[in-house]
$ cat structure-v6.csv   # CSV, C-alpha atoms
chain,number,residue,atom,x,y,z
A,1,MET,CA,10.7,44.8,31.5
A,2,LYS,CA,7.8,42.4,31.7
A,3,LYS,CA,8.7,38.7,32.3
A,4,ASN,CA,7.5,37.6,28.8
A,5,ALA,CA,8.6,40.7,26.9
A,6,LEU,CA,11.8,39.1,25.5
A,7,PRO,CA,10.1,35.9,24.3
A,8,ASN,CA,7.3,38.0,22.7
A,9,LEU,CA,9.9,40.2,21.0
A,10,THR,CA,11.8,37.1,19.8
A,11,LYS,CA,8.6,35.6,18.4
A,12,ARG,CA,7.7,38.8,16.7
A,13,LEU,CA,11.2,39.0,15.0
A,14,THR,CA,11.0,35.4,14.0
A,15,ASP,CA,7.5,36.0,12.4
A,16,MET,CA,8.9,38.9,10.4
A,17,ALA,CA,11.9,37.0,9.3
A,18,LEU,CA,9.9,34.1,8.1
A,19,VAL,CA,7.5,36.3,6.1
A,20,ILE,CA,10.3,38.2,4.5
A,21,PHE,CA,12.4,35.1,3.8
A,22,THR,CA,9.6,33.2,2.1
A,23,LEU,CA,8.2,36.2,0.2
A,24,PRO,CA,9.6,35.2,-3.2
A,25,ILE,CA,7.6,32.0,-3.1
A,26,THR,CA,4.5,33.2,-1.2
A,27,LEU,CA,4.2,36.2,-3.5
A,28,LEU,CA,3.9,34.0,-6.6
A,29,LEU,CA,1.3,31.8,-4.8
A,30,ILE,CA,-0.6,34.8,-3.7
A,31,ILE,CA,-0.8,36.2,-7.3
A,32,PHE,CA,-1.8,32.7,-8.6
A,33,THR,CA,-4.5,32.3,-6.0
A,34,PHE,CA,-5.8,35.8,-6.5
A,35,LEU,CA,-6.2,35.2,-10.2
A,36,ILE,CA,-8.0,31.9,-10.0
A,37,VAL,CA,-10.4,33.1,-7.3
A,38,LYS,CA,-11.1,36.4,-9.2
A,39,LEU,CA,-11.6,34.6,-12.6
A,40,SER,CA,-13.8,31.8,-11.3
A,41,SER,CA,-16.5,33.6,-9.3
A,42,LYS,CA,-18.2,37.0,-8.8
A,43,GLY,CA,-17.1,39.2,-6.0
A,44,SER,CA,-13.8,40.2,-4.4
A,45,ALA,CA,-11.0,37.8,-4.3
A,46,LEU,CA,-10.4,38.6,-0.6
A,47,TYR,CA,-12.8,38.0,2.2
A,48,TRP,CA,-12.4,39.9,5.4
A,49,SER,CA,-13.8,38.4,8.6
A,50,GLN,CA,-13.9,39.8,12.1
A,51,ARG,CA,-11.8,37.7,14.4
A,52,VAL,CA,-10.8,37.5,18.0
A,53,GLY,CA,-7.2,38.5,18.8
A,54,VAL,CA,-5.1,39.0,21.9
A,55,ASN,CA,-7.1,39.6,25.0
A,56,ASN,CA,-10.3,39.1,23.0
A,57,ASN,CA,-9.7,42.3,21.0
A,58,LEU,CA,-11.3,42.1,17.5
A,59,PHE,CA,-9.5,42.6,14.3
A,60,ASP,CA,-10.2,42.1,10.6
A,61,MET,CA,-8.5,39.0,9.1
A,62,PRO,CA,-8.2,38.4,5.3
A,63,LYS,CA,-8.5,35.1,3.5
A,64,PHE,CA,-8.9,34.3,-0.2
A,65,ARG,CA,-12.6,33.8,-0.7
A,66,SER,CA,-13.4,30.1,-1.0
A,67,MET,CA,-17.2,30.5,-0.5
A,68,LYS,CA,-19.8,32.3,-2.5
A,69,ILE,CA,-20.6,35.9,-1.4
A,70,ASN,CA,-24.0,35.0,0.2
A,71,THR,CA,-22.5,32.4,2.6
A,72,PRO,CA,-23.5,32.8,6.3
A,73,ALA,CA,-20.7,34.0,8.6
A,74,LEU,CA,-20.6,30.9,10.6
A,75,ALA,CA,-17.8,28.6,11.8
A,76,THR,CA,-17.2,25.5,9.7
A,77,HIS,CA,-18.5,23.0,12.3
A,78,VAL,CA,-21.7,25.1,12.8
A,79,LEU,CA,-22.3,25.4,9.0
A,80,ASN,CA,-21.8,21.6,8.8
A,81,GLN,CA,-24.6,21.1,11.3
A,82,GLN,CA,-27.1,23.4,9.6
A,83,THR,CA,-26.6,22.6,5.9
A,84,ASP,CA,-24.4,21.1,3.2
A,85,PRO,CA,-21.4,23.6,3.1
A,86,ASN,CA,-20.4,22.4,-0.3
A,87,GLN,CA,-23.3,24.3,-1.9
A,88,TYR,CA,-21.5,27.5,-0.9
A,89,LEU,CA,-18.1,26.7,-2.3
A,90,THR,CA,-16.8,28.6,-5.3
A,91,PRO,CA,-15.5,26.5,-8.3
A,92,VAL,CA,-11.9,26.7,-6.8
A,93,GLY,CA,-13.0,26.9,-3.2
A,94,SER,CA,-12.3,23.2,-2.4
A,95,PHE,CA,-8.9,23.3,-4.0
A,96,ILE,CA,-7.6,26.4,-2.2
A,97,ARG,CA,-8.9,25.1,1.1
A,98,LYS,CA,-7.3,21.7,0.6
A,99,THR,CA,-4.0,23.3,-0.2
A,100,SER,CA,-4.4,26.1,2.4
A,101,LEU,CA,-3.8,28.7,-0.3
A,102,ASP,CA,-6.8,30.6,1.1
A,103,GLU,CA,-4.8,31.3,4.3
A,104,LEU,CA,-2.0,33.2,2.5
A,105,PRO,CA,-3.4,36.7,2.9
A,106,GLN,CA,-3.0,36.2,6.7
A,107,LEU,CA,0.7,37.0,6.2
A,108,TRP,CA,-0.5,40.6,6.1
A,109,SER,CA,-2.0,40.1,9.6
A,110,VAL,CA,1.3,38.8,10.7
A,111,LEU,CA,3.2,41.8,9.4
A,112,LYS,CA,0.6,44.1,11.1
A,113,GLY,CA,1.1,42.3,14.4
A,114,ASP,CA,-2.5,41.1,14.7
A,115,MET,CA,-1.4,37.5,14.2
A,116,SER,CA,1.7,35.2,14.6
A,117,ILE,CA,2.8,32.4,12.3
A,118,VAL,CA,2.1,29.9,15.2
A,119,GLY,CA,-0.7,30.3,17.7
A,120,PRO,CA,-4.3,29.3,18.3
A,121,ARG,CA,-6.5,29.8,15.3
A,122,PRO,CA,-8.4,33.1,15.7
A,123,ALA,CA,-12.1,32.5,16.6
A,124,LEU,CA,-14.9,34.2,14.7
A,125,PHE,CA,-16.4,37.1,16.6
A,126,ASN,CA,-19.6,35.0,17.1
A,127,GLN,CA,-18.0,31.8,18.4
A,128,ASP,CA,-19.0,32.5,22.0
A,129,ASP,CA,-18.4,28.9,23.2
A,130,LEU,CA,-14.9,28.8,22.0
A,131,ILE,CA,-14.1,32.4,23.1
A,132,ALA,CA,-15.5,31.7,26.6
A,133,LEU,CA,-13.5,28.5,27.1
A,134,ARG,CA,-10.3,30.0,25.8
A,135,THR,CA,-10.7,33.0,28.2
A,136,GLU,CA,-11.4,30.6,31.1
A,137,TYR,CA,-8.0,28.9,30.6
A,138,GLY,CA,-6.0,32.0,29.7
A,139,VAL,CA,-5.6,31.1,26.0
A,140,HIS,CA,-6.9,34.5,25.0
A,141,GLN,CA,-3.6,36.0,26.1
A,142,LEU,CA,-1.9,34.4,23.2
A,143,LYS,CA,-1.6,36.0,19.8
A,144,PRO,CA,-3.6,33.9,17.3
A,145,GLY,CA,-1.7,32.1,14.5
A,146,ILE,CA,-2.0,31.0,10.9
A,147,THR,CA,-1.3,27.5,12.2
A,148,GLY,CA,-1.1,26.0,15.7
A,149,TRP,CA,-0.9,23.0,17.9
A,150,ALA,CA,-4.6,22.2,17.5
A,151,GLN,CA,-4.3,22.7,13.7
A,152,VAL,CA,-1.7,19.9,13.4
A,153,ASN,CA,-3.6,17.6,15.8
A,154,GLY,CA,-7.0,17.6,14.1
A,155,ARG,CA,-8.0,21.0,12.7
A,156,ASP,CA,-11.7,21.1,11.9
A,157,GLU,CA,-12.2,17.5,12.9
A,158,ILE,CA,-12.0,18.0,16.7
A,159,PRO,CA,-14.6,19.3,19.2
A,160,ILE,CA,-14.1,22.6,20.9
A,161,PRO,CA,-13.2,21.3,24.4
A,162,GLN,CA,-10.4,19.2,22.8
A,163,LYS,CA,-9.3,22.1,20.7
A,164,VAL,CA,-9.0,24.3,23.7
A,165,ALA,CA,-7.1,21.6,25.6
A,166,LEU,CA,-4.6,21.6,22.8
A,167,ASP,CA,-4.4,25.4,22.9
A,168,VAL,CA,-3.7,25.2,26.6
A,169,TYR,CA,-0.9,22.7,26.0
A,170,TYR,CA,0.7,25.2,23.6
A,171,LEU,CA,0.2,28.0,26.1
A,172,LYS,CA,2.1,26.1,28.8
A,173,HIS,CA,4.8,24.7,26.5
A,174,GLN,CA,5.4,27.4,23.8
A,175,SER,CA,8.9,27.7,22.6
A,176,PHE,CA,10.9,28.5,19.5
A,177,TRP,CA,11.5,24.8,18.9
A,178,LEU,CA,7.8,23.8,19.4
A,179,ASP,CA,6.9,26.5,16.8
A,180,CYS,CA,9.4,25.1,14.4
A,181,TYR,CA,8.0,21.6,14.9
A,182,ILE,CA,4.4,22.9,14.3
A,183,ILE,CA,5.5,24.7,11.1
A,184,LEU,CA,7.1,21.5,9.9
A,185,LEU,CA,4.0,19.4,10.7
A,186,THR,CA,1.8,22.0,9.0
A,187,LEU,CA,3.8,21.7,5.8
A,188,ILE,CA,3.6,17.9,5.9
A,189,LYS,CA,-0.1,18.0,6.5
A,190,VAL,CA,-0.8,20.5,3.8
A,191,LEU,CA,1.1,18.4,1.3
A,192,LYS,CA,-0.8,15.3,2.5
A,193,ARG,CA,-4.0,17.3,2.7
A,194,ASP,CA,-4.8,15.8,6.2
A,195,ASN,CA,-7.8,16.9,8.3
A,196,ILE,CA,-8.9,19.7,6.0
A,197,SER,CA,-12.5,20.4,5.5
A,198,HIS,CA,-13.6,20.8,1.9
$ encode --input "structure-v6.csv" --output "structure tokens"
Amino acid sequence: MKKNALPNLTKRLTDMALVIFTLPITLLLIIFTFLIVKLSSKGSALYWSQRVGVNNNLFDMPKFRSMKINTPALATHVLNQQTDPNQYLTPVGSFIRKTSLDELPQLWSVLKGDMSIVGPRPALFNQDDLIALRTEYGVHQLKPGITGWAQVNGRDEIPIPQKVALDVYYLKHQSFWLDCYIILLTLIKVLKRDNISH
């Protein structure tokens, strides 16, 4: 058995248990978000984007669509540099982003095994700078997460080198209790709407 096989199995079982345990609440939120997205703008309620997973393998990740269907497939910080991203938001886009309701479909990615509840946020397929830096420091070996150590320490507000430094910290210190702490901080920050791009 590989050295990290048991921790990985424990993390996988914990992910599955969390998804199943919270299903009664998350299912209601998913139905609610699906309806408000579908009724407020044209196009599918779900948006699938190609993301970078474990060992830089690509997978399709779902989110509730917060942007109009003609929005360029760019990272938030890149879009901010090129134009006013608010022009691409749907009528409910800002709300579902501030409340992180747009992230709920990623529970499907957790069930599939493409993602974990906690881990580095999955890079877009074209975020070459982030992918290269994560690979250099071994972060690419981690399964990406819905939330992570970088998410609760700045989210979209921090530059890529600092984000990767936080990812490296998680790589070196990951544990069940750190995951629990990150989940708790995530819930607090979502309720307070801290460090969330509109």
$ closest_residue --input "structure-v6.csv" --among "A:Leu142, A:Leu89, A:Leu191, A:Met16" --to "Pro122 of chain A" --atoms "all atoms listed in the file"
A:Leu142
$ closest_residue --input "structure-v6.csv" --among "A:Asn8, A:Asn126, A:Leu18, A:Ser100" --to "Ser175 of chain A" --atoms "only C-alpha atoms"
A:Asn8
$ atom_distance --input "structure-v6.csv" --atom1 "atom CA of Val118 of chain A" --atom2 "atom CA of Gln162 of chain A"
18.1 Å
$ closest_residue --input "structure-v6.csv" --among "A:Asn86, A:Ser40, A:Thr99, A:Asn153" --to "Tyr169 of chain A" --atoms "all atoms listed in the file"
A:Asn153
$ atom_distance --input "structure-v6.csv" --atom1 "atom CA of Val139 of chain A" --atom2 "atom CA of Asp167 of chain A"
6.6 Å
$ closest_atom_pairs --input "structure-v6.csv" --of "segment 114-138 of chain A" --to "segment 45-69 of chain A" --cutoff "8 Å" --atoms "all atoms listed in the file" --output "JSON lines"
{"residue": "A:Asp114", "atom": "CA", "partner": "A:Gly53", "partner_atom": "CA", "distance": 6.8}
{"residue": "A:Met115", "atom": "CA", "partner": "A:Gly53", "partner_atom": "CA", "distance": 7.5}
{"residue": "A:Pro122", "atom": "CA", "partner": "A:Val52", "partner_atom": "CA", "distance": 5.5}
{"residue": "A:Ala123", "atom": "CA", "partner": "A:Val52", "partner_atom": "CA", "distance": 5.4}
{"residue": "A:Leu124", "atom": "CA", "partner": "A:Arg51", "partner_atom": "CA", "distance": 4.7}
{"residue": "A:Phe125", "atom": "CA", "partner": "A:Arg51", "partner_atom": "CA", "distance": 5.1}
{"residue": "A:Ile131", "atom": "CA", "partner": "A:Asn56", "partner_atom": "CA", "distance": 7.7}
$ residues_around --input "structure-v6.csv" --residues "Ala17 of chain A" --least-positions-apart "5" --cutoff "12 Å" --atoms "all atoms listed in the file" --output "list in words"
Thr10, Lys11, Arg12, Thr22, Leu23, Leu107, Val110, Leu111, Ser116 and Ile117 of chain A
$ closest_residue --input "structure-v6.csv" --among "A:Ile31, A:Val168, A:Cys180, A:Leu104" --to "Thr135 of chain A" --atoms "all atoms listed in the file"
A:Val168
$ atom_distance --input "structure-v6.csv" --atom1 "atom CA of Lys42 of chain A" --atom2 "atom CA of Gln87 of chain A"
15.3 Å
$ closest_residue --input "structure-v6.csv" --among "A:Ile25, A:Ile188, A:Ala132, A:Leu39" --to "Val164 of chain A" --atoms "all atoms listed in the file"
A:Ala132
$ closest_residue --input "structure-v6.csv" --among "A:Val19, A:Val92, A:Ile146, A:Leu13" --to "Thr33 of chain A" --atoms "all atoms listed in the file"
A:Val92
$ axis_aligned_box --input "structure-v6.csv" --around "segment 48-57 of chain A" --padding-each-side "4 Å" --output "lines of an AutoDock Vina configuration file"
center_x = -9.5
center_y = 39.9
center_z = 15.2
size_x = 16.8
size_y = 12.8
size_z = 27.6
